[in-house]
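Shown here: data.tsv, TSV, C-alpha atoms.
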```tsv
chain	number	residue	atom	x	y	z
A	1	MET	CA	213.52	248.12	-14.03
A	2	ASP	CA	214.25	251.71	-12.97
A	3	ILE	CA	211.30	253.78	-11.72
A	4	LEU	CA	211.22	257.46	-10.80
A	5	LEU	CA	208.75	258.18	-7.98
A	6	VAL	CA	207.76	261.86	-7.78
A	7	GLU	CA	206.04	262.44	-4.44
A	8	ASP	CA	206.47	264.84	-1.50
A	9	ASP	CA	204.41	262.91	1.05
A	10	GLU	CA	206.99	260.91	3.02
A	11	ARG	CA	204.47	258.27	4.09
A	12	ILE	CA	203.56	257.50	0.48
A	13	VAL	CA	207.22	257.58	-0.55
A	14	GLU	CA	208.16	254.93	2.02
A	15	PHE	CA	205.07	252.81	1.30
A	16	VAL	CA	205.60	252.76	-2.47
A	17	ARG	CA	209.40	252.57	-2.45
A	18	ARG	CA	209.50	249.71	0.05
A	19	GLY	CA	206.85	247.75	-1.85
A	20	LEU	CA	208.45	248.22	-5.28
A	21	LYS	CA	211.91	247.35	-4.01
A	22	ALA	CA	210.49	244.14	-2.56
A	23	GLU	CA	209.17	243.37	-6.06
A	24	GLY	CA	212.64	243.82	-7.54
A	25	TYR	CA	212.38	247.35	-8.97
A	26	ASN	CA	214.97	250.10	-8.57
A	27	VAL	CA	213.31	253.27	-7.26
A	28	ASP	CA	214.65	256.84	-7.29
A	29	VAL	CA	212.68	259.58	-5.56
A	30	ALA	CA	212.09	263.22	-6.52
A	31	ARG	CA	210.21	265.42	-4.08
A	32	THR	CA	209.74	268.53	-6.22
A	33	GLY	CA	208.59	269.18	-9.75
A	34	GLN	CA	211.89	270.76	-10.72
A	35	GLU	CA	213.84	267.75	-9.46
A	36	ALA	CA	211.45	265.45	-11.31
A	37	THR	CA	211.92	267.37	-14.56
A	38	THR	CA	215.71	267.25	-14.22
A	39	LEU	CA	215.88	263.55	-13.36
A	40	GLY	CA	213.21	262.56	-15.85
A	41	THR	CA	215.09	264.31	-18.64
A	42	ALA	CA	218.59	263.17	-17.72
A	43	ALA	CA	218.05	259.53	-16.71
A	44	ALA	CA	216.63	256.58	-18.64
A	45	TYR	CA	213.70	255.46	-16.51
A	46	GLN	CA	211.23	252.82	-17.67
A	47	LEU	CA	208.38	254.43	-15.71
A	48	ILE	CA	207.59	257.65	-13.85
A	49	ILE	CA	205.03	257.66	-11.03
A	50	LEU	CA	204.03	261.32	-10.72
A	51	ASP	CA	202.05	263.04	-7.97
A	52	ARG	CA	199.79	265.77	-9.29
A	53	LYS	CA	200.32	268.19	-6.37
A	54	LEU	CA	203.94	269.13	-5.67
A	55	PRO	CA	205.56	271.98	-3.68
A	56	ASP	CA	206.66	273.96	-6.74
A	57	LEU	CA	205.39	272.81	-10.12
A	58	THR	CA	202.22	270.80	-10.56
A	59	GLY	CA	202.33	267.27	-11.86
A	60	LEU	CA	200.59	268.54	-14.99
A	61	GLU	CA	203.41	271.03	-15.61
A	62	VAL	CA	206.06	268.35	-15.05
A	63	CYS	CA	204.29	266.05	-17.47
A	64	GLU	CA	203.97	268.76	-20.12
A	65	ARG	CA	207.65	269.73	-19.78
A	66	LEU	CA	208.82	266.14	-20.14
A	67	ARG	CA	206.66	265.58	-23.20
A	68	ALA	CA	207.81	268.88	-24.69
A	69	GLY	CA	211.37	267.61	-24.24
A	70	LEU	CA	210.44	264.49	-26.24
A	71	ILE	CA	210.64	262.24	-23.17
A	72	ASP	CA	208.30	259.34	-23.94
A	73	THR	CA	208.72	257.45	-20.64
A	74	PRO	CA	205.34	256.07	-19.48
A	75	ILE	CA	203.86	258.29	-16.76
A	76	LEU	CA	201.41	257.09	-14.12
A	77	MET	CA	199.84	260.09	-12.41
A	78	LEU	CA	198.75	259.86	-8.77
A	79	THR	CA	196.26	262.28	-7.26
A	80	ALA	CA	193.42	262.72	-4.81
A	81	MET	CA	191.54	264.64	-7.52
A	82	ASP	CA	189.08	262.08	-8.87
A	83	THR	CA	186.55	263.84	-11.08
A	84	VAL	CA	186.23	262.84	-14.72
A	85	GLN	CA	187.54	266.26	-15.77
A	86	ASP	CA	190.58	265.88	-13.49
A	87	LYS	CA	191.38	262.56	-15.15
A	88	VAL	CA	190.89	263.96	-18.64
A	89	THR	CA	193.16	266.92	-17.84
A	90	GLY	CA	195.85	264.59	-16.50
A	91	LEU	CA	195.73	262.32	-19.53
A	92	ARG	CA	195.76	265.25	-21.94
A	93	SER	CA	198.84	266.70	-20.25
A	94	GLY	CA	200.71	263.58	-21.40
A	95	ALA	CA	200.13	260.99	-18.66
A	96	ASP	CA	199.60	257.40	-19.78
A	97	ASP	CA	197.47	256.37	-16.82
A	98	TYR	CA	195.75	258.07	-13.89
A	99	MET	CA	195.33	256.59	-10.40
A	100	THR	CA	193.48	258.19	-7.50
A	101	LYS	CA	194.48	258.23	-3.84
A	102	PRO	CA	194.08	256.33	-1.60
A	103	PHE	CA	195.16	253.25	-3.53
A	104	SER	CA	196.19	249.70	-2.81
A	105	PHE	CA	199.69	248.52	-3.62
A	106	GLU	CA	198.26	245.58	-5.59
A	107	GLU	CA	196.44	247.98	-7.91
A	108	LEU	CA	199.56	250.12	-8.32
A	109	LEU	CA	201.59	247.04	-9.22
A	110	ALA	CA	198.96	245.87	-11.70
A	111	ARG	CA	198.92	249.26	-13.42
A	112	ILE	CA	202.71	249.31	-13.65
A	113	GLU	CA	202.69	245.87	-15.23
A	114	ALA	CA	199.93	246.90	-17.65
A	115	LEU	CA	201.90	249.97	-18.74
A	116	MET	CA	204.98	247.83	-19.32
A	117	ARG	CA	203.01	245.30	-21.37
A	118	ARG	CA	201.53	248.13	-23.42
A	119	ARG	CA	205.01	249.46	-24.05
A	120	GLY	CA	206.32	246.01	-24.90
A	121	GLY	CA	208.88	245.91	-22.11
A	122	GLY	CA	209.56	243.23	-19.56
A	123	LEU	CA	207.96	243.46	-16.15
A	124	LYS	CA	211.26	243.11	-14.35
A	125	ALA	CA	214.57	243.56	-16.07
A	126	GLU	CA	216.72	242.45	-13.21
A	127	PRO	CA	217.29	238.93	-11.90
A	128	LYS	CA	215.52	237.57	-8.83
A	129	GLU	CA	218.88	236.68	-7.31
A	130	LEU	CA	221.81	238.97	-6.59
A	131	ARG	CA	225.18	237.24	-6.20
A	132	ILE	CA	228.62	238.33	-5.04
A	133	ALA	CA	231.18	235.53	-4.70
A	134	ASP	CA	229.36	232.78	-2.77
A	135	LEU	CA	226.86	235.20	-1.18
A	136	VAL	CA	223.40	235.01	-2.75
A	137	LEU	CA	220.35	237.18	-2.01
A	138	ASN	CA	216.97	236.11	-3.41
A	139	GLN	CA	214.72	239.15	-3.87
A	140	GLU	CA	211.61	237.01	-4.22
A	141	THR	CA	211.95	234.64	-1.26
A	142	HIS	CA	214.04	237.08	0.84
A	143	GLU	CA	216.50	234.29	1.56
A	144	VAL	CA	220.21	234.97	1.92
A	145	ARG	CA	222.83	232.24	1.70
A	146	ARG	CA	226.57	232.11	1.85
A	147	GLY	CA	227.61	228.86	0.25
A	148	ASN	CA	225.21	226.30	1.67
A	149	GLN	CA	224.60	228.28	4.87
A	150	LEU	CA	221.23	230.06	5.25
A	151	ILE	CA	221.70	233.47	6.91
A	152	ASP	CA	218.92	234.89	9.07
A	153	LEU	CA	218.57	238.66	8.56
A	154	THR	CA	216.14	241.22	9.95
A	155	PRO	CA	214.19	243.27	7.36
A	156	LYS	CA	216.56	246.24	7.79
A	157	GLU	CA	219.64	244.04	7.52
A	158	PHE	CA	218.19	242.52	4.35
A	159	ALA	CA	217.52	245.99	2.89
A	160	LEU	CA	221.06	247.08	3.79
A	161	LEU	CA	222.60	244.00	2.18
A	162	GLU	CA	220.42	244.46	-0.91
A	163	SER	CA	221.71	248.04	-1.29
A	164	PHE	CA	225.29	246.79	-1.21
A	165	MET	CA	224.61	243.93	-3.61
A	166	ARG	CA	222.98	246.25	-6.14
A	167	ALA	CA	226.27	248.17	-6.30
A	168	PRO	CA	229.05	245.54	-6.08
A	169	GLY	CA	232.46	247.05	-5.42
A	170	LYS	CA	231.01	250.56	-5.12
A	171	VAL	CA	231.60	252.56	-1.95
A	172	LEU	CA	228.34	253.71	-0.35
A	173	SER	CA	228.53	256.66	2.05
A	174	ARG	CA	226.58	256.76	5.30
A	175	THR	CA	224.33	259.43	3.79
A	176	ARG	CA	223.59	257.29	0.74
A	177	ILE	CA	222.83	254.28	2.92
A	178	LEU	CA	220.54	256.33	5.17
A	179	GLU	CA	218.60	257.52	2.12
A	180	GLN	CA	218.29	254.06	0.57
A	181	VAL	CA	217.53	252.00	3.67
A	182	TRP	CA	216.04	254.39	6.24
A	183	GLY	CA	214.72	257.22	4.08
A	184	TYR	CA	215.40	260.98	4.15
A	185	SER	CA	213.76	261.37	7.55
A	186	ALA	CA	216.64	259.55	9.27
A	187	ASP	CA	219.00	261.70	11.33
A	188	PRO	CA	222.31	262.01	9.42
A	189	MET	CA	224.19	262.28	12.74
A	190	THR	CA	223.00	258.90	14.00
A	191	ASN	CA	225.35	255.90	14.16
A	192	VAL	CA	222.60	253.50	13.06
A	193	VAL	CA	224.48	252.73	9.82
A	194	ASP	CA	227.63	251.71	11.71
A	195	VAL	CA	225.61	249.54	14.08
A	196	TYR	CA	223.81	247.71	11.28
A	197	VAL	CA	226.96	247.31	9.20
A	198	ARG	CA	228.66	245.65	12.18
A	199	GLN	CA	225.66	243.35	12.66
A	200	LEU	CA	225.57	242.48	8.96
A	201	ARG	CA	229.32	241.89	8.83
A	202	ARG	CA	229.10	239.42	11.72
A	203	LYS	CA	226.38	237.47	9.92
A	204	ILE	CA	227.85	237.30	6.42
A	205	ASP	CA	231.62	237.39	7.07
A	206	GLU	CA	232.30	235.92	10.52
A	207	GLY	CA	233.93	232.51	10.18
A	208	TYR	CA	234.85	232.99	6.51
A	209	ASP	CA	238.40	233.62	5.26
A	210	HIS	CA	237.10	235.62	2.31
A	211	LYS	CA	235.67	238.86	3.78
A	212	LEU	CA	233.16	240.66	1.57
A	213	LEU	CA	231.86	243.67	3.53
A	214	LYS	CA	234.65	246.22	3.78
A	215	THR	CA	235.08	249.66	5.31
A	216	VAL	CA	236.83	252.39	3.36
A	217	ARG	CA	237.96	254.94	5.91
A	218	GLY	CA	236.74	258.45	5.24
A	219	TYR	CA	234.28	257.32	2.55
A	220	GLY	CA	231.93	254.54	3.61
A	221	TYR	CA	231.38	250.84	3.03
A	222	LYS	CA	231.41	248.46	0.10
A	223	LEU	CA	230.60	244.84	-0.68
A	224	ASP	CA	233.50	243.59	-2.74
A	225	ALA	CA	234.36	240.09	-4.01
A	226	SER	CA	238.06	240.91	-4.41
A	227	ARG	CA	240.49	239.41	-1.92
A	228	GLU	CA	242.26	242.66	-1.15
A	229	SER	CA	242.99	243.36	2.51
A	230	ASP	CA	239.96	244.67	4.37
A	231	VAL	CA	240.17	248.27	5.57
A	232	ILE	CA	238.22	248.00	8.82
A	233	ALA	CA	237.53	251.26	10.62
A	234	GLN	CA	237.28	251.33	14.39
A	235	ASP	CA	233.74	251.23	15.75
A	236	GLY	CA	232.30	254.73	15.57
A	237	ALA	CA	235.10	256.07	13.40
A	238	GLU	CA	234.23	258.33	10.50
A	239	ALA	CA	233.57	256.43	7.31
```
For this file, produce the structure as structure tokens.
Amino acid sequence: MDILLVEDDERIVEFVRRGLKAEGYNVDVARTGQEATTLGTAAAYQLIILDRKLPDLTGLEVCERLRAGLIDTPILMLTAMDTVQDKVTGLRSGADDYMTKPFSFEELLARIEALMRRRGGGLKAEPKELRIADLVLNQETHEVRRGNQLIDLTPKEFALLESFMRAPGKVLSRTRILEQVWGYSADPMTNVVDVYVRQLRRKIDEGYDHKLLKTVRGYGYKLDASRESDVIAQDGAEA
């Protein structure tokens, strides 16, 4: 299930995105009202989690614009404003549910599931397991296997592999990987992506004739089940 998270507080972004990804959801992030309006109108999300206070537009204005554009995606509004009138105003602007900060992740998850039941959609549209060739990642147990071999990954290595397995055969740039795995706060000049890709490659490819994690010089990296020759960049080379 694809969720749009509209929030400018980086701590909340990382908390919610990490938790929802662990539950098997795809999460895109908008940090301004204008970006939220654009993404919410252009993309087919199953749910929008919308902060009421944003740097440009308010959450109320975003909600009203989406509804005026006939976007009927369920909207869960988040806010520290907790009076009855605040809640009424949020619901009348077009939100389907209203949740006050601070909140527990368990409550957020329960409200998401309730909104999906109300809409008649499944809780999770994607499978618990991601598979490329004989490499299998279980999003529920966080186990990774290649053939019959269990592979021990750190949380960051798991998140990196998950990003690749969600986009099989697609080249992911360093910038895209930094955003998905480390968040926008990561320094784009760091070589952390190269370091982790090398570590991941050793764990999932070393000792196997069929190499899956490939480097495309000048572009980035991809996880590909084809048996084409690997294009391995030198350590630290631009990719």
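Here CA of Arg201 in chain A is placed at a distance of 10.9 Å from CA of Tyr221 in chain A.
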To one decimal place, how far is CA of Thr32 in chain A from CA of Tyr98 in chain A in Å? 19.1 Å
As a ChimeraX atom specification, please: the residues near Phe105 in chain A (cut-off 9 Å, only C-alpha atoms, same-chain neighbours under 3 positions excluded). /A:15-16,19-20,108-110
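Interatomic distance, CA of Glu129 in chain A against CA of Asp152 in chain A: 16.5 Å.
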Spatial neighbours of Gln139 in chain A, max dist 8 Å, only C-alpha atoms, sep filter under 5 positions, as an MDAnalysis selection string: chainID A and resid 22:24 128:130
File of the preceding selection, C-alpha atoms, as an mmCIF file, in the frame of the given file:
```cif
data_model
loop_
_atom_site.group_PDB
_atom_site.id
_atom_site.type_symbol
_atom_site.label_atom_id
_atom_site.label_comp_id
_atom_site.auth_asym_id
_atom_site.auth_seq_id
_atom_site.Cartn_x
_atom_site.Cartn_y
_atom_site.Cartn_z
ATOM 1 C CA ALA A 22 210.490 244.140 -2.560
ATOM 2 C CA GLU A 23 209.170 243.370 -6.060
ATOM 3 C CA GLY A 24 212.640 243.820 -7.540
ATOM 4 C CA LYS A 128 215.520 237.570 -8.830
ATOM 5 C CA GLU A 129 218.880 236.680 -7.310
ATOM 6 C CA LEU A 130 221.810 238.970 -6.590
#
```
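Counting only C-alpha atoms and comparing A:Leu54, A:Val144, A:Leu200, A:Leu39, the residue that lies closest to Leu66 in chain A is A:Leu39.
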All residues 12 Å or closer to Ile71 in chain A, all atoms listed in the file, same chain fewer than 2 positions away omitted, as a PyMOL selection string: chain A and resi 37-48+62-69+73-75+94-95
Output C-alpha atoms for every residue in that selection, as a PDB file, keeping the file's coordinate frame.
```pdb
ATOM      1  CA  THR A  37     211.920 267.370 -14.560  1.00  0.00           C
ATOM      2  CA  THR A  38     215.710 267.250 -14.220  1.00  0.00           C
ATOM      3  CA  LEU A  39     215.880 263.550 -13.360  1.00  0.00           C
ATOM      4  CA  GLY A  40     213.210 262.560 -15.850  1.00  0.00           C
ATOM      5  CA  THR A  41     215.090 264.310 -18.640  1.00  0.00           C
ATOM      6  CA  ALA A  42     218.590 263.170 -17.720  1.00  0.00           C
ATOM      7  CA  ALA A  43     218.050 259.530 -16.710  1.00  0.00           C
ATOM      8  CA  ALA A  44     216.630 256.580 -18.640  1.00  0.00           C
ATOM      9  CA  TYR A  45     213.700 255.460 -16.510  1.00  0.00           C
ATOM     10  CA  GLN A  46     211.230 252.820 -17.670  1.00  0.00           C
ATOM     11  CA  LEU A  47     208.380 254.430 -15.710  1.00  0.00           C
ATOM     12  CA  ILE A  48     207.590 257.650 -13.850  1.00  0.00           C
ATOM     13  CA  VAL A  62     206.060 268.350 -15.050  1.00  0.00           C
ATOM     14  CA  CYS A  63     204.290 266.050 -17.470  1.00  0.00           C
ATOM     15  CA  GLU A  64     203.970 268.760 -20.120  1.00  0.00           C
ATOM     16  CA  ARG A  65     207.650 269.730 -19.780  1.00  0.00           C
ATOM     17  CA  LEU A  66     208.820 266.140 -20.140  1.00  0.00           C
ATOM     18  CA  ARG A  67     206.660 265.580 -23.200  1.00  0.00           C
ATOM     19  CA  ALA A  68     207.810 268.880 -24.690  1.00  0.00           C
ATOM     20  CA  GLY A  69     211.370 267.610 -24.240  1.00  0.00           C
ATOM     21  CA  THR A  73     208.720 257.450 -20.640  1.00  0.00           C
ATOM     22  CA  PRO A  74     205.340 256.070 -19.480  1.00  0.00           C
ATOM     23  CA  ILE A  75     203.860 258.290 -16.760  1.00  0.00           C
ATOM     24  CA  GLY A  94     200.710 263.580 -21.400  1.00  0.00           C
ATOM     25  CA  ALA A  95     200.130 260.990 -18.660  1.00  0.00           C
TER      26      ALA A  95
END
```
From the list A:Asp224, A:Glu35, A:Glu14, A:Asp96, which residue is nearest Lys170 in chain A when using all atoms listed in the file?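 Ranked by minimum distance to Lys170 in chain A, first place goes to A:Asp224.
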Report the closest atom pair, with its distance in Å rounded to one decimal, for each residue of range 45-142 of chain A that has an atom no farther than 10 Å from range 164-169 of chain A; count all atoms listed in the file, sort by chain and then rising residue number, and write it as a tab-separated table.
```
residue	atom	partner	partner_atom	distance
A:Glu129	CA	A:Met165	CA	10.0
A:Leu130	CA	A:Met165	CA	6.4
A:Arg131	CA	A:Met165	CA	7.2
A:Ile132	CA	A:Met165	CA	7.0
A:Leu135	CA	A:Met165	CA	9.3
A:Val136	CA	A:Met165	CA	9.0
A:Leu137	CA	A:Met165	CA	8.1
```
Using only C-alpha atoms, which residues sit within 9 Å of Ile151 in chain A once same-chain residues fewer than 4 positions away are excluded, as a PyMOL selection string? chain A and resi 143-146+203-204
Tell me which of A:Arg217, A:Asn148, A:Leu115, A:Thr79 sits closest to Asp9 in chain A, counting only C-alpha atoms.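 With only C-alpha atoms as the atom set, the closest residue is A:Thr79.
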Smallest atom-to-atom distance to Lys222 in chain A: which of A:Ser173, A:Thr154, A:Gln180, A:Thr141, using all atoms listed in the file?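 Ranked by minimum distance to Lys222 in chain A, first place goes to A:Ser173.
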Go through A:Glu157, A:Asp28, A:Asp134, A:Asp194 and flag the residue nearest Lys211 in chain A, using only C-alpha atoms for the distances.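 Of A:Glu157, A:Asp28, A:Asp134, A:Asp194, the one nearest Lys211 in chain A is A:Asp134, counting only C-alpha atoms.
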Which residue gives the smallest distance to Gly218 in chain A among A:Arg174, A:Arg202, A:Lys21, A:Lys53, with all atoms listed in the file counted?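 Selected residue with least distance to Gly218 in chain A: A:Arg174.
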Could you give me range 9-20 of chain A completed to all heavy atoms, formatted as a PDB file, in the frame of the given file?
```pdb
ATOM      1  N   ASP A   9     204.960 263.459  -0.178  1.00  0.00           N
ATOM      2  CA  ASP A   9     204.410 262.910   1.050  1.00  0.00           C
ATOM      3  C   ASP A   9     205.295 261.736   1.481  1.00  0.00           C
ATOM      4  O   ASP A   9     205.327 260.704   0.815  1.00  0.00           O
ATOM      5  CB  ASP A   9     202.971 262.444   0.826  1.00  0.00           C
ATOM      6  CG  ASP A   9     202.284 262.006   2.116  1.00  0.00           C
ATOM      7  OD1 ASP A   9     202.950 261.397   2.971  1.00  0.00           O
ATOM      8  OD2 ASP A   9     201.070 262.254   2.257  1.00  0.00           O
ATOM      9  N   GLU A  10     206.016 261.912   2.603  1.00  0.00           N
ATOM     10  CA  GLU A  10     206.990 260.910   3.020  1.00  0.00           C
ATOM     11  C   GLU A  10     206.370 259.555   3.306  1.00  0.00           C
ATOM     12  O   GLU A  10     206.977 258.511   3.082  1.00  0.00           O
ATOM     13  CB  GLU A  10     207.750 261.403   4.261  1.00  0.00           C
ATOM     14  CG  GLU A  10     209.112 260.773   4.435  1.00  0.00           C
ATOM     15  CD  GLU A  10     210.051 261.084   3.281  1.00  0.00           C
ATOM     16  OE1 GLU A  10     210.011 262.200   2.740  1.00  0.00           O
ATOM     17  OE2 GLU A  10     210.817 260.175   2.899  1.00  0.00           O
ATOM     18  N   ARG A  11     205.132 259.550   3.803  1.00  0.00           N
ATOM     19  CA  ARG A  11     204.470 258.270   4.090  1.00  0.00           C
ATOM     20  C   ARG A  11     204.236 257.483   2.804  1.00  0.00           C
ATOM     21  O   ARG A  11     204.449 256.266   2.758  1.00  0.00           O
ATOM     22  CB  ARG A  11     203.147 258.514   4.807  1.00  0.00           C
ATOM     23  CG  ARG A  11     203.290 259.119   6.202  1.00  0.00           C
ATOM     24  CD  ARG A  11     201.950 259.568   6.717  1.00  0.00           C
ATOM     25  NE  ARG A  11     201.345 260.549   5.821  1.00  0.00           N
ATOM     26  CZ  ARG A  11     200.108 261.035   5.972  1.00  0.00           C
ATOM     27  NH1 ARG A  11     199.334 260.606   6.952  1.00  0.00           N
ATOM     28  NH2 ARG A  11     199.638 261.932   5.138  1.00  0.00           N
ATOM     29  N   ILE A  12     203.796 258.172   1.756  1.00  0.00           N
ATOM     30  CA  ILE A  12     203.560 257.500   0.480  1.00  0.00           C
ATOM     31  C   ILE A  12     204.876 257.075  -0.142  1.00  0.00           C
ATOM     32  O   ILE A  12     204.983 255.987  -0.721  1.00  0.00           O
ATOM     33  CB  ILE A  12     202.775 258.425  -0.472  1.00  0.00           C
ATOM     34  CG1 ILE A  12     201.380 258.698   0.103  1.00  0.00           C
ATOM     35  CG2 ILE A  12     202.665 257.810  -1.861  1.00  0.00           C
ATOM     36  CD1 ILE A  12     200.545 259.656  -0.718  1.00  0.00           C
ATOM     37  N   VAL A  13     205.906 257.920  -0.017  1.00  0.00           N
ATOM     38  CA  VAL A  13     207.220 257.580  -0.550  1.00  0.00           C
ATOM     39  C   VAL A  13     207.711 256.259   0.036  1.00  0.00           C
ATOM     40  O   VAL A  13     208.125 255.345  -0.687  1.00  0.00           O
ATOM     41  CB  VAL A  13     208.247 258.693  -0.256  1.00  0.00           C
ATOM     42  CG1 VAL A  13     209.677 258.203  -0.539  1.00  0.00           C
ATOM     43  CG2 VAL A  13     207.953 259.928  -1.094  1.00  0.00           C
ATOM     44  N   GLU A  14     207.656 256.137   1.362  1.00  0.00           N
ATOM     45  CA  GLU A  14     208.160 254.930   2.020  1.00  0.00           C
ATOM     46  C   GLU A  14     207.305 253.720   1.671  1.00  0.00           C
ATOM     47  O   GLU A  14     207.823 252.623   1.450  1.00  0.00           O
ATOM     48  CB  GLU A  14     208.226 255.145   3.527  1.00  0.00           C
ATOM     49  CG  GLU A  14     209.327 256.085   3.962  1.00  0.00           C
ATOM     50  CD  GLU A  14     210.676 255.688   3.400  1.00  0.00           C
ATOM     51  OE1 GLU A  14     211.082 254.521   3.566  1.00  0.00           O
ATOM     52  OE2 GLU A  14     211.329 256.529   2.757  1.00  0.00           O
ATOM     53  N   PHE A  15     205.989 253.905   1.625  1.00  0.00           N
ATOM     54  CA  PHE A  15     205.070 252.810   1.300  1.00  0.00           C
ATOM     55  C   PHE A  15     205.334 252.272  -0.103  1.00  0.00           C
ATOM     56  O   PHE A  15     205.488 251.063  -0.307  1.00  0.00           O
ATOM     57  CB  PHE A  15     203.631 253.327   1.422  1.00  0.00           C
ATOM     58  CG  PHE A  15     202.590 252.428   0.824  1.00  0.00           C
ATOM     59  CD1 PHE A  15     202.295 251.195   1.387  1.00  0.00           C
ATOM     60  CD2 PHE A  15     201.888 252.821  -0.313  1.00  0.00           C
ATOM     61  CE1 PHE A  15     201.331 250.368   0.831  1.00  0.00           C
ATOM     62  CE2 PHE A  15     200.926 252.006  -0.875  1.00  0.00           C
ATOM     63  CZ  PHE A  15     200.641 250.774  -0.295  1.00  0.00           C
ATOM     64  N   VAL A  16     205.416 253.176  -1.078  1.00  0.00           N
ATOM     65  CA  VAL A  16     205.600 252.760  -2.470  1.00  0.00           C
ATOM     66  C   VAL A  16     207.014 252.251  -2.714  1.00  0.00           C
ATOM     67  O   VAL A  16     207.217 251.206  -3.343  1.00  0.00           O
ATOM     68  CB  VAL A  16     205.274 253.932  -3.429  1.00  0.00           C
ATOM     69  CG1 VAL A  16     205.621 253.560  -4.864  1.00  0.00           C
ATOM     70  CG2 VAL A  16     203.799 254.303  -3.319  1.00  0.00           C
ATOM     71  N   ARG A  17     208.010 252.970  -2.217  1.00  0.00           N
ATOM     72  CA  ARG A  17     209.400 252.570  -2.450  1.00  0.00           C
ATOM     73  C   ARG A  17     209.687 251.200  -1.839  1.00  0.00           C
ATOM     74  O   ARG A  17     210.293 250.341  -2.489  1.00  0.00           O
ATOM     75  CB  ARG A  17     210.374 253.607  -1.889  1.00  0.00           C
ATOM     76  CG  ARG A  17     211.835 253.211  -2.052  1.00  0.00           C
ATOM     77  CD  ARG A  17     212.781 254.368  -1.824  1.00  0.00           C
ATOM     78  NE  ARG A  17     212.600 254.991  -0.527  1.00  0.00           N
ATOM     79  CZ  ARG A  17     213.273 256.063  -0.119  1.00  0.00           C
ATOM     80  NH1 ARG A  17     214.141 256.631  -0.929  1.00  0.00           N
ATOM     81  NH2 ARG A  17     213.071 256.572   1.067  1.00  0.00           N
ATOM     82  N   ARG A  18     209.245 250.997  -0.611  1.00  0.00           N
ATOM     83  CA  ARG A  18     209.500 249.710   0.050  1.00  0.00           C
ATOM     84  C   ARG A  18     208.821 248.568  -0.709  1.00  0.00           C
ATOM     85  O   ARG A  18     209.414 247.502  -0.918  1.00  0.00           O
ATOM     86  CB  ARG A  18     208.995 249.761   1.486  1.00  0.00           C
ATOM     87  CG  ARG A  18     209.302 248.502   2.296  1.00  0.00           C
ATOM     88  CD  ARG A  18     209.076 248.730   3.779  1.00  0.00           C
ATOM     89  NE  ARG A  18     207.748 249.212   4.064  1.00  0.00           N
ATOM     90  CZ  ARG A  18     207.467 250.424   4.521  1.00  0.00           C
ATOM     91  NH1 ARG A  18     208.434 251.293   4.737  1.00  0.00           N
ATOM     92  NH2 ARG A  18     206.223 250.784   4.769  1.00  0.00           N
ATOM     93  N   GLY A  19     207.579 248.798  -1.133  1.00  0.00           N
ATOM     94  CA  GLY A  19     206.850 247.750  -1.850  1.00  0.00           C
ATOM     95  C   GLY A  19     207.472 247.428  -3.199  1.00  0.00           C
ATOM     96  O   GLY A  19     207.612 246.260  -3.564  1.00  0.00           O
ATOM     97  N   LEU A  20     207.860 248.452  -3.956  1.00  0.00           N
ATOM     98  CA  LEU A  20     208.450 248.220  -5.280  1.00  0.00           C
ATOM     99  C   LEU A  20     209.822 247.589  -5.184  1.00  0.00           C
ATOM    100  O   LEU A  20     210.180 246.738  -6.012  1.00  0.00           O
ATOM    101  CB  LEU A  20     208.520 249.543  -6.055  1.00  0.00           C
ATOM    102  CG  LEU A  20     207.179 250.129  -6.510  1.00  0.00           C
ATOM    103  CD1 LEU A  20     207.395 251.439  -7.250  1.00  0.00           C
ATOM    104  CD2 LEU A  20     206.413 249.138  -7.384  1.00  0.00           C
TER     105      LEU A  20
END
```
